[in-house]
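Visitor: Below is input_26.txt; it holds compact mmCIF, C-alpha atoms.
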# COMPACT_ATOMS: atom_id res chain seq x y z
CA MET A 17 0.00 0.00 0.00
CA LEU A 18 2.79 2.45 0.88
CA ALA A 19 4.65 1.57 -2.34
CA THR A 20 1.60 2.16 -4.50
CA ALA A 21 0.77 5.43 -2.72
CA ALA A 22 4.31 6.76 -3.10
CA ALA A 23 4.63 5.90 -6.82
CA GLY A 24 4.16 8.69 -9.32
CA ASP A 25 3.34 6.45 -12.29
CA GLU A 26 2.93 2.83 -13.22
CA HIS A 27 6.60 2.19 -14.00
CA ALA A 28 7.68 3.78 -10.72
CA ARG A 29 5.17 1.59 -8.90
CA HIS A 30 6.58 -1.51 -10.59
CA ARG A 31 10.10 -0.54 -9.51
CA LEU A 32 8.99 0.00 -5.92
CA VAL A 33 7.16 -3.33 -5.92
CA GLY A 34 10.38 -4.89 -7.23
CA TRP A 35 12.36 -3.48 -4.30
CA TRP A 36 9.67 -4.64 -1.89
CA SER A 37 9.80 -8.13 -3.39
CA ALA A 38 13.61 -8.09 -3.33
CA ALA A 39 13.58 -7.41 0.42
CA GLY A 40 11.39 -10.47 0.84
CA GLY A 41 13.72 -12.42 -1.44
CA VAL A 42 16.72 -11.57 0.74
CA GLY A 43 14.80 -12.79 3.77
CA MET A 44 13.82 -15.97 1.93
CA ALA A 45 17.45 -16.65 1.03
CA ALA A 46 18.71 -15.93 4.54
CA GLY A 47 15.93 -17.82 6.35
CA PRO A 48 16.83 -21.44 5.51
CA LEU A 49 20.55 -20.74 5.94
CA LEU A 50 20.33 -18.93 9.28
CA GLY A 51 17.57 -21.24 10.46
CA GLY A 52 19.70 -24.26 9.63
CA ALA A 53 22.63 -22.75 11.52
CA LEU A 54 20.47 -22.10 14.59
CA VAL A 55 19.09 -25.63 14.53
CA ALA A 56 22.62 -27.03 14.14
CA VAL A 57 24.19 -25.09 17.01
CA ALA A 58 21.22 -24.68 19.35
CA ASP A 59 17.61 -25.88 19.14
CA TRP A 60 14.75 -25.51 16.66
CA ARG A 61 12.82 -23.41 19.19
CA THR A 62 15.40 -20.63 18.88
CA VAL A 63 14.14 -19.96 15.34
CA PHE A 64 10.96 -18.45 16.77
CA GLY A 65 12.99 -16.13 18.97
CA VAL A 66 14.47 -14.49 15.88
CA ASN A 67 10.99 -13.26 14.96
CA VAL A 68 10.82 -11.35 18.22
CA LEU A 69 14.37 -9.97 18.03
CA ILE A 70 13.82 -8.68 14.49
CA GLY A 71 10.09 -8.03 14.50
CA VAL A 72 9.82 -5.77 17.54
CA PRO A 73 12.57 -3.30 16.48
CA ALA A 74 11.20 -3.34 12.92
CA MET A 75 7.72 -2.51 14.19
CA ILE A 76 9.03 0.40 16.29
CA TRP A 77 11.10 1.71 13.37
CA SER A 78 8.13 1.46 11.03
CA VAL A 79 5.84 3.42 13.32
CA ARG A 80 8.40 6.21 13.72
CA SER A 81 9.76 6.51 10.18
CA MET A 82 7.23 5.35 7.58
CA PRO A 83 4.95 7.96 6.01
CA ALA A 84 1.31 7.95 7.02
CA VAL A 85 -1.36 7.16 4.46
CA PRO A 86 -4.41 9.44 4.64
CA ARG A 87 -7.25 7.71 6.44
CA GLY A 88 -10.30 7.00 4.34
CA GLU A 89 -13.92 7.46 5.28
CA ARG A 90 -14.82 3.77 5.07
CA ARG A 91 -14.87 1.48 8.07
CA LEU A 92 -13.27 -1.95 8.25
CA ASP A 93 -15.50 -4.89 7.36
CA VAL A 94 -14.99 -6.84 10.60
CA ALA A 95 -17.63 -9.45 9.74
CA GLY A 96 -15.99 -10.11 6.39
CA LEU A 97 -12.59 -10.35 8.04
CA VAL A 98 -13.76 -12.91 10.63
CA THR A 99 -15.67 -15.08 8.15
CA ALA A 100 -12.80 -15.01 5.63
CA THR A 101 -10.43 -16.16 8.37
CA LEU A 102 -12.82 -18.99 9.26
CA LEU A 103 -13.09 -19.97 5.59
CA ILE A 104 -9.33 -20.04 4.94
CA GLY A 105 -8.50 -21.70 8.27
CA GLY A 106 -11.13 -24.39 7.75
CA LEU A 107 -9.87 -25.11 4.23
CA VAL A 108 -6.23 -25.46 5.24
CA PHE A 109 -6.94 -27.47 8.39
CA THR A 110 -9.16 -29.86 6.44
CA LEU A 111 -6.35 -30.47 3.93
CA VAL A 112 -3.87 -31.07 6.74
CA GLU A 113 -6.12 -33.51 8.61
CA THR A 114 -7.51 -35.41 5.60
CA PRO A 115 -4.83 -38.15 5.42
CA ARG A 116 -5.11 -39.13 9.07
CA PRO A 117 -7.03 -42.33 9.72
CA GLY A 118 -9.26 -43.13 12.66
CA PRO A 119 -12.60 -41.87 13.98
CA PRO A 120 -11.25 -39.01 16.16
CA GLU A 121 -9.29 -37.49 13.32
CA HIS A 122 -12.18 -37.90 10.89
CA ALA A 123 -14.51 -36.15 13.33
CA GLY A 124 -12.10 -33.25 13.71
CA ARG A 125 -11.70 -33.03 9.95
CA HIS A 126 -15.46 -32.87 9.43
CA ARG A 127 -15.82 -30.16 12.06
CA HIS A 128 -13.20 -27.96 10.48
CA GLY A 129 -14.55 -28.70 7.02
CA ALA A 130 -17.96 -27.57 8.22
CA GLY A 131 -16.30 -24.48 9.68
CA GLY A 132 -14.85 -23.67 6.28
CA VAL A 133 -18.25 -24.04 4.62
CA ALA A 134 -19.81 -21.86 7.30
CA GLY A 135 -17.04 -19.30 6.75
CA LEU A 136 -17.80 -19.24 3.01
CA ALA A 137 -21.52 -18.71 3.60
CA GLY A 138 -20.82 -16.08 6.23
CA PHE A 139 -18.37 -14.24 4.00
CA VAL A 140 -20.90 -14.05 1.18
CA LEU A 141 -23.58 -12.75 3.55
CA ALA A 142 -21.21 -10.26 5.18
CA THR A 143 -20.14 -8.90 1.79
CA ARG A 144 -23.75 -8.49 0.68
CA ALA A 145 -24.62 -6.79 3.96
CA ALA A 146 -21.70 -4.38 3.55
CA TYR A 147 -23.09 -3.26 0.19
CA THR A 148 -26.69 -2.92 1.33
CA ARG A 149 -25.68 -0.82 4.34
CA GLN A 150 -23.60 1.67 2.39
CA ALA A 151 -25.11 5.11 2.67
CA PRO A 152 -24.55 7.39 -0.32
CA GLY A 153 -22.34 10.21 0.87
CA GLY A 154 -22.26 8.72 4.37
CA ARG A 155 -19.10 9.45 6.29
CA ALA A 156 -18.79 6.10 8.07
CA ARG A 157 -19.97 3.60 5.48
CA ARG A 158 -18.50 0.13 5.64
CA MET A 159 -16.19 -1.05 2.86
CA PRO A 160 -16.58 -4.72 1.87
CA LEU A 161 -13.44 -6.72 2.51
CA VAL A 162 -13.28 -7.61 -1.21
CA PRO A 163 -14.88 -4.82 -3.30
CA ALA A 164 -17.02 -5.99 -6.19
CA ALA A 165 -14.84 -4.10 -8.66
CA LEU A 166 -12.02 -6.55 -7.89
CA TYR A 167 -13.72 -9.88 -8.45
CA ARG A 168 -15.62 -8.49 -11.43
CA ASP A 169 -12.37 -7.51 -13.15
CA ARG A 170 -11.12 -10.34 -15.36
CA VAL A 171 -7.47 -9.29 -15.34
CA PHE A 172 -7.34 -9.03 -11.56
CA VAL A 173 -9.09 -12.37 -11.00
CA VAL A 174 -6.82 -14.16 -13.48
CA THR A 175 -3.70 -12.59 -11.99
CA ALA A 176 -4.80 -13.51 -8.45
CA ALA A 177 -5.35 -17.09 -9.60
CA GLN A 178 -1.89 -17.13 -11.17
CA GLY A 179 -0.39 -15.82 -7.94
CA ALA A 180 -2.16 -18.51 -5.91
CA LEU A 181 -0.97 -21.25 -8.28
CA PHE A 182 2.59 -19.94 -8.18
CA ASN A 183 2.71 -19.85 -4.39
CA LEU A 184 1.14 -23.30 -4.21
CA ALA A 185 3.96 -24.62 -6.37
CA PHE A 186 6.81 -22.60 -4.84
CA TYR A 187 6.07 -23.13 -1.16
CA GLY A 188 5.04 -26.70 -1.82
CA LEU A 189 8.47 -27.23 -3.38
CA LEU A 190 10.23 -25.67 -0.38
CA PHE A 191 8.32 -27.94 1.99
CA ALA A 192 8.86 -31.11 -0.04
CA MET A 193 12.53 -30.39 -0.71
CA SER A 194 13.35 -29.72 2.93
CA LEU A 195 11.92 -33.09 3.94
CA MET A 196 13.55 -34.89 1.02
CA LEU A 197 16.99 -33.46 1.81
CA GLN A 198 16.90 -34.01 5.56
CA GLN A 199 14.87 -37.19 5.98
CA GLY A 200 15.30 -38.73 2.53
CA ARG A 201 19.01 -38.00 2.04
CA GLY A 202 20.03 -37.60 5.68
CA LEU A 203 21.48 -34.10 5.37
CA GLY A 204 21.68 -31.73 8.31
CA ALA A 205 19.69 -28.54 8.66
CA LEU A 206 22.66 -26.30 7.77
CA SER A 207 23.60 -28.32 4.68
CA SER A 208 19.99 -28.28 3.52
CA GLY A 209 19.85 -24.51 4.01
CA LEU A 210 22.92 -24.09 1.81
CA LEU A 211 21.32 -26.16 -0.95
CA PHE A 212 18.35 -23.78 -0.99
CA LEU A 213 20.56 -20.83 -2.00
CA PRO A 214 20.53 -21.51 -5.78
CA LEU A 215 16.73 -21.25 -5.58
CA THR A 216 16.24 -18.45 -3.08
CA GLY A 217 19.43 -16.48 -3.69
CA LEU A 218 18.50 -15.45 -7.22
CA ILE A 219 15.01 -14.29 -6.32
CA ALA A 220 16.08 -10.86 -5.05
CA ILE A 221 18.22 -10.25 -8.17
CA ALA A 222 15.35 -11.19 -10.48
CA ASN A 223 12.95 -9.00 -8.49
CA LEU A 224 15.04 -5.96 -9.37
CA CYS A 225 15.19 -6.95 -13.06
CA ALA A 226 11.44 -7.47 -13.40
CA ALA A 227 10.44 -3.81 -13.86
CA ARG A 228 12.99 -3.18 -16.62
CA LEU A 229 12.02 -6.34 -18.49
CA ALA A 230 8.32 -5.57 -18.14
CA ARG A 231 8.81 -2.07 -19.51
CA ARG A 232 10.62 -3.44 -22.55
CA PHE A 233 8.55 -6.54 -23.33
CA GLY A 234 5.29 -6.00 -21.38
CA ARG A 235 4.19 -7.65 -18.16
CA PRO A 236 2.17 -10.48 -19.76
CA ALA A 237 5.22 -11.47 -21.81
CA VAL A 238 7.42 -11.51 -18.69
CA VAL A 239 4.82 -13.43 -16.66
CA GLY A 240 4.19 -15.92 -19.45
CA THR A 241 7.87 -16.53 -20.21
CA ALA A 242 8.78 -16.89 -16.54
CA GLN A 243 5.95 -19.38 -16.01
CA ALA A 244 7.02 -21.40 -19.05
CA VAL A 245 10.63 -21.51 -17.84
CA LEU A 246 9.55 -22.38 -14.30
CA ALA A 247 7.25 -25.21 -15.42
CA GLY A 248 10.01 -26.68 -17.58
CA THR A 249 12.54 -26.25 -14.79
CA PHE A 250 10.31 -28.16 -12.38
CA LEU A 251 10.54 -31.13 -14.73
CA LEU A 252 14.33 -30.89 -14.48
CA VAL A 253 14.09 -30.65 -10.69
CA ALA A 254 11.94 -33.79 -10.64
CA TRP A 255 14.56 -35.64 -12.68
CA ALA A 256 17.41 -34.27 -10.56
CA GLY A 257 15.67 -35.42 -7.40
CA THR A 258 16.16 -39.05 -8.48
CA ALA A 259 19.93 -38.67 -9.04
CA GLU A 260 22.37 -39.93 -6.45
CA GLU A 261 24.48 -36.77 -6.66
CA LEU A 262 23.22 -33.39 -5.56
CA TRP A 263 24.82 -31.21 -8.25
CA PRO A 264 22.04 -31.83 -10.85
CA LEU A 265 19.50 -30.55 -8.32
CA VAL A 266 21.63 -27.48 -7.58
CA LEU A 267 21.90 -26.62 -11.28
CA ALA A 268 18.18 -27.15 -11.90
CA LEU A 269 17.28 -24.78 -9.05
CA VAL A 270 19.12 -21.81 -10.64
CA PRO A 271 16.58 -21.06 -13.43
CA ALA A 272 13.76 -21.91 -11.02
CA GLY A 273 14.95 -19.19 -8.65
CA PHE A 274 15.39 -16.52 -11.32
CA SER A 275 12.05 -17.16 -13.03
CA SER A 276 10.29 -17.18 -9.65
CA GLY A 277 11.85 -13.82 -8.85
CA LEU A 278 10.45 -12.33 -12.04
CA LEU A 279 6.93 -13.50 -11.31
CA VAL A 280 6.14 -11.96 -7.93
CA PRO A 281 6.68 -8.22 -8.72
CA SER A 282 5.29 -8.60 -12.25
CA MET A 283 2.08 -10.26 -11.09
CA THR A 284 1.72 -7.87 -8.16
CA SER A 285 2.03 -4.81 -10.41
CA GLN A 286 -0.35 -6.38 -12.93
CA ALA A 287 -2.98 -6.97 -10.27
CA ILE A 288 -2.71 -3.38 -9.01
CA ALA A 289 -2.75 -1.87 -12.50
CA ALA A 290 -5.99 -3.72 -13.32
CA VAL A 291 -8.03 -1.38 -11.09
CA GLY A 292 -8.28 2.33 -10.39
CA PRO A 293 -6.05 4.16 -7.87
CA GLU A 294 -8.82 4.16 -5.24
CA LEU A 295 -8.68 0.35 -5.16
CA HIS A 296 -4.90 -0.13 -5.23
CA GLY A 297 -4.75 -0.93 -1.52
CA ALA A 298 -7.60 -3.42 -1.73
CA ALA A 299 -6.13 -5.01 -4.87
CA SER A 300 -2.71 -5.39 -3.27
CA ALA A 301 -4.20 -6.93 -0.13
CA ALA A 302 -6.51 -9.30 -2.02
CA PHE A 303 -3.75 -10.41 -4.39
CA ASN A 304 -1.30 -11.13 -1.58
CA THR A 305 -4.02 -12.95 0.34
CA ALA A 306 -4.65 -15.15 -2.70
CA ARG A 307 -0.92 -15.89 -2.88
CA GLN A 308 -0.70 -16.80 0.80
CA VAL A 309 -3.75 -19.03 0.57
CA GLY A 310 -2.10 -20.78 -2.37
CA GLY A 311 1.08 -21.26 -0.35
CA ALA A 312 -0.82 -22.64 2.65
CA VAL A 313 -2.79 -25.03 0.45
CA GLY A 314 0.43 -26.15 -1.25
CA VAL A 315 2.16 -27.01 2.03
CA ALA A 316 -0.96 -28.72 3.36
CA ALA A 317 -1.54 -30.74 0.19
CA PHE A 318 2.08 -31.73 -0.44
CA GLY A 319 2.37 -33.50 2.90
CA PRO A 320 0.00 -36.27 1.76
CA LEU A 321 1.59 -36.28 -1.72
CA LEU A 322 4.98 -37.08 -0.18
CA GLY A 323 3.45 -40.22 1.30
CA THR A 324 1.89 -41.51 -1.92
CA ALA A 325 5.13 -43.21 -3.08
CA GLN A 326 7.43 -45.84 -1.61
CA GLY A 327 10.01 -43.35 -0.37
CA LEU A 328 10.60 -39.64 0.09
CA ARG A 329 12.56 -39.36 -3.15
CA ASP A 330 9.68 -40.77 -5.18
CA GLY A 331 7.22 -38.67 -3.22
CA PHE A 332 9.37 -35.62 -3.97
CA VAL A 333 9.11 -36.34 -7.69
CA VAL A 334 5.31 -36.54 -7.42
CA CYS A 335 5.24 -33.17 -5.61
CA VAL A 336 7.47 -31.44 -8.15
CA LEU A 337 5.37 -32.75 -11.03
CA ALA A 338 2.35 -31.27 -9.25
CA CYS A 339 4.29 -27.98 -9.04
CA ALA A 340 4.89 -28.07 -12.79
CA ALA A 341 1.19 -28.74 -13.41
CA ALA A 342 0.12 -25.80 -11.21
CA VAL A 343 2.45 -23.37 -12.98
CA ALA A 344 1.35 -24.72 -16.38
CA VAL A 345 -2.27 -23.95 -15.51
CA GLY A 346 -1.22 -20.41 -14.63
CA LEU A 347 0.59 -20.16 -17.97
CA LEU A 348 -2.58 -21.15 -19.82
CA LEU A 349 -4.38 -18.24 -18.13
CA THR A 350 -1.86 -15.62 -19.29
CA PRO A 351 -3.56 -14.76 -22.61
CA LEU A 352 -6.59 -13.53 -20.65
CA THR A 353 -4.50 -10.60 -19.35
CA ARG A 354 -2.92 -9.44 -22.60
CA GLU A 355 -5.57 -7.12 -24.04
CA ARG A 356 -5.95 -5.01 -20.90
CA ALA A 357 -2.21 -4.94 -20.32
CA ARG A 358 -1.57 -3.52 -23.81
CA ALA A 359 -4.12 -0.76 -23.20
CA THR A 360 -2.57 0.07 -19.82
CA VAL A 361 0.96 0.27 -21.21
CA ALA A 362 -0.21 2.45 -24.12
CA ALA A 363 -1.93 4.85 -21.73
CA ALA A 364 1.14 5.05 -19.52
CA THR A 365 3.48 5.89 -22.40
CA THR A 366 1.31 8.62 -24.01
Can you give me the file's structure in the form of structure tokens?

Guide:
Amino acid sequence: MLATAAAGDEHARHRLVGWWSAAGGVGMAAGPLLGGALVAVADWRTVFGVNVLIGVPAMIWSVRSMPAVPRGERRLDVAGLVTATLLIGGLVFTLVETPRPGPPEHAGRHRHGAGGVAGLAGFVLATRAAYTRQAPGGRARRMPLVPAALYRDRVFVVTAAQGALFNLAFYGLLFAMSLMLQQGRGLGALSSGLLFLPLTGLIAIANLCAARLARRFGRPAVVGTAQAVLAGTFLLVAWAGTAEELWPLVLALVPAGFSSGLLVPSMTSQAIAAVGPELHGAASAAFNTARQVGGAVGVAAFGPLLGTAQGLRDGFVVCVLACAAAVAVGLLLTPLTRERARATVAAATT
């Protein structure tokens, strides 16, 4: 939201989103490495202490230094927020609990599944109520959690779906690979963290290249090419996972990391550009929520997939093939964003 508010034009916004994504990429590269070191020299519980040591000073610094965004006249949709949380939590918990046998686990699964269905029904009702209670010109009208202009916009909906599919594949890969390296190949936490660097280390670099490439070739071209490369690379990762040596896996992760780094800022900017400036904050929030839901579903679903084969290596191959399929579906959706993107770029350059 701060990046979109501070940007003077669309290209500036894409650059700022690239820097924002790059900061996350640096954290993603450092996380497995530093986490592995902490686990190796201390205990896995110390990893959670890092969140406090970094998070509290960062929160204080943010409050004191970041510019304030003018407060709008619309109130928060608390009912929509609660029901959406119930919906997402019920969905993820149901996926996590599904493989467990036995009556107690089945009962818990059904309860949380019913909670997800109730959350969906409640979210729909809360959104409708937010619209019916809006008073024209009223100072304190309630803003629906997901404005209708977002889910009625084809480009935004398609981009959000692509973001969810990408996160499903990417975070599912991280989860499956960590288990395959440590439990399947017997590597330590620190060694596994080092092997993640070819994947995560290039993300920040690609984040900073995304805006320049999008300006030259157009965002749909960058998104489509990166998805095609990533889907093909996942096939190489699946093959490399069956090799006895680790170097084929390391090499296969290099293009996966760079193409992944191009996707996040490009898709984020595309989702924001699909709507008017008054909805940039809502579009950014909804798009990132879709991505995080995709990541949570990927981690929850890949746990059972790892157990579908005889060993973790074979299960890893099944998971990576599922990653390739998810990204391929996102690639097939790319043409639906081209027409609007051309019009947006033309307007920005005139």

Visitor: Residues near Ala254 of chain A, anyone? I mean within 8 Å using all atoms listed in the file, not counting same-chain ones fewer than 4 positions away, as a ChimeraX atom specification.

Guide: /A:250,258,332-334,336-337

Visitor: Name all residues at most 7 Å from segment 130-142 of chain A (count only C-alpha atoms; drop same-chain ones fewer than 3 positions away) and give them as a ChimeraX atom specification.

Guide: /A:95-96,99-100,102-107,126-127,145-146

Visitor: So how far away is atom CA of Ala242 of chain A from atom CA of Cys335 of chain A, in Å?

Guide: 19.9 Å

Visitor: Please compute the atom CA of Gln243 of chain A-atom CA of Ala342 of chain A distance, one decimal, in Å.

Guide: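 That distance, rounded to one decimal, is 9.9 Å.
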
Visitor: Find the residue from A:Leu197, A:Phe186, A:Ala176, A:Gly234 that sits nearest to Ala338 of chain A; use only C-alpha atoms when measuring.

Guide: A:Phe186

Visitor: Nearest to Ser194 of chain A among A:Ile221, A:Val33, A:Val315, A:Leu349, with distances taken over all atoms listed in the file: which residue is it?

Guide: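 The answer is A:Val315, which sits nearest to Ser194 of chain A.
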
Visitor: In Å, with one decimal, what is the gap from atom CA of Asp169 of chain A to atom CA of Val345 of chain A?

Guide: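 Computed distance, atom CA of Asp169 of chain A to atom CA of Val345 of chain A, equals 19.4 Å.
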
Visitor: Would you pick out the contacts of Gly51 of chain A at 9 Å or less, using all atoms listed in the file, so that residues sharing its chain but fewer than 2 positions from it are not included, and give the list as a ChimeraX atom specification?

Guide: /A:46-49,53-56,60,62-63,205-206,209

Visitor: Mind writing the picked residues with C-alpha atoms as a JSON list (two decimals), in the frame of the given file?

Guide:
[["chain", "number", "residue", "atom", "x", "y", "z"],
["A", 46, "ALA", "CA", 18.71, -15.93, 4.54],
["A", 47, "GLY", "CA", 15.93, -17.82, 6.35],
["A", 48, "PRO", "CA", 16.83, -21.44, 5.51],
["A", 49, "LEU", "CA", 20.55, -20.74, 5.94],
["A", 53, "ALA", "CA", 22.63, -22.75, 11.52],
["A", 54, "LEU", "CA", 20.47, -22.10, 14.59],
["A", 55, "VAL", "CA", 19.09, -25.63, 14.53],
["A", 56, "ALA", "CA", 22.62, -27.03, 14.14],
["A", 60, "TRP", "CA", 14.75, -25.51, 16.66],
["A", 62, "THR", "CA", 15.40, -20.63, 18.88],
["A", 63, "VAL", "CA", 14.14, -19.96, 15.34],
["A", 205, "ALA", "CA", 19.69, -28.54, 8.66],
["A", 206, "LEU", "CA", 22.66, -26.30, 7.77],
["A", 209, "GLY", "CA", 19.85, -24.51, 4.01]]

Visitor: Which is closest to Leu203 of chain A among A:Leu262, A:Ala301, A:Ala180, A:Val174, if we use only C-alpha atoms?

Guide: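 Once distances to Leu203 of chain A are computed over only C-alpha atoms, the minimum belongs to A:Leu262.
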
Visitor: Using all atoms listed in the file, can you tell me which of A:Phe233, A:Phe182, A:Phe109, A:Phe172 comes closest to Ala289 of chain A?

Guide: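 Distance minimum relative to Ala289 of chain A lands on A:Phe172.
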
Visitor: Identify which of the residues A:Gly257, A:Pro236, A:Pro320, A:Gly311 lies closest to Met196 of chain A, counting all atoms listed in the file when measuring atom-to-atom distances.

Guide: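 Counting all atoms listed in the file, the residue closest to Met196 of chain A is A:Gly257.
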
Visitor: Step by step: start from the point (-0.7, -25.5, 1.1) in the file's coordinates, keep every protein, DNA or RNA residue that has an atom no farther than 12 Å from it, count all atoms listed in the file, and write the set as a PyMOL selection string.

Guide: chain A and resi 104-105+107-112+180-192+306-321+335+339

Visitor: For those residues, write C-alpha atoms to a file as a PDB file, keeping the file's coordinate frame.

Guide:
ATOM      1  CA  ILE A 104      -9.330 -20.040   4.940  1.00  0.00           C
ATOM      2  CA  GLY A 105      -8.500 -21.700   8.270  1.00  0.00           C
ATOM      3  CA  LEU A 107      -9.870 -25.110   4.230  1.00  0.00           C
ATOM      4  CA  VAL A 108      -6.230 -25.460   5.240  1.00  0.00           C
ATOM      5  CA  PHE A 109      -6.940 -27.470   8.390  1.00  0.00           C
ATOM      6  CA  THR A 110      -9.160 -29.860   6.440  1.00  0.00           C
ATOM      7  CA  LEU A 111      -6.350 -30.470   3.930  1.00  0.00           C
ATOM      8  CA  VAL A 112      -3.870 -31.070   6.740  1.00  0.00           C
ATOM      9  CA  ALA A 180      -2.160 -18.510  -5.910  1.00  0.00           C
ATOM     10  CA  LEU A 181      -0.970 -21.250  -8.280  1.00  0.00           C
ATOM     11  CA  PHE A 182       2.590 -19.940  -8.180  1.00  0.00           C
ATOM     12  CA  ASN A 183       2.710 -19.850  -4.390  1.00  0.00           C
ATOM     13  CA  LEU A 184       1.140 -23.300  -4.210  1.00  0.00           C
ATOM     14  CA  ALA A 185       3.960 -24.620  -6.370  1.00  0.00           C
ATOM     15  CA  PHE A 186       6.810 -22.600  -4.840  1.00  0.00           C
ATOM     16  CA  TYR A 187       6.070 -23.130  -1.160  1.00  0.00           C
ATOM     17  CA  GLY A 188       5.040 -26.700  -1.820  1.00  0.00           C
ATOM     18  CA  LEU A 189       8.470 -27.230  -3.380  1.00  0.00           C
ATOM     19  CA  LEU A 190      10.230 -25.670  -0.380  1.00  0.00           C
ATOM     20  CA  PHE A 191       8.320 -27.940   1.990  1.00  0.00           C
ATOM     21  CA  ALA A 192       8.860 -31.110  -0.040  1.00  0.00           C
ATOM     22  CA  ALA A 306      -4.650 -15.150  -2.700  1.00  0.00           C
ATOM     23  CA  ARG A 307      -0.920 -15.890  -2.880  1.00  0.00           C
ATOM     24  CA  GLN A 308      -0.700 -16.800   0.800  1.00  0.00           C
ATOM     25  CA  VAL A 309      -3.750 -19.030   0.570  1.00  0.00           C
ATOM     26  CA  GLY A 310      -2.100 -20.780  -2.370  1.00  0.00           C
ATOM     27  CA  GLY A 311       1.080 -21.260  -0.350  1.00  0.00           C
ATOM     28  CA  ALA A 312      -0.820 -22.640   2.650  1.00  0.00           C
ATOM     29  CA  VAL A 313      -2.790 -25.030   0.450  1.00  0.00           C
ATOM     30  CA  GLY A 314       0.430 -26.150  -1.250  1.00  0.00           C
ATOM     31  CA  VAL A 315       2.160 -27.010   2.030  1.00  0.00           C
ATOM     32  CA  ALA A 316      -0.960 -28.720   3.360  1.00  0.00           C
ATOM     33  CA  ALA A 317      -1.540 -30.740   0.190  1.00  0.00           C
ATOM     34  CA  PHE A 318       2.080 -31.730  -0.440  1.00  0.00           C
ATOM     35  CA  GLY A 319       2.370 -33.500   2.900  1.00  0.00           C
ATOM     36  CA  PRO A 320       0.000 -36.270   1.760  1.00  0.00           C
ATOM     37  CA  LEU A 321       1.590 -36.280  -1.720  1.00  0.00           C
ATOM     38  CA  CYS A 335       5.240 -33.170  -5.610  1.00  0.00           C
ATOM     39  CA  CYS A 339       4.290 -27.980  -9.040  1.00  0.00           C
TER      40      CYS A 339
END
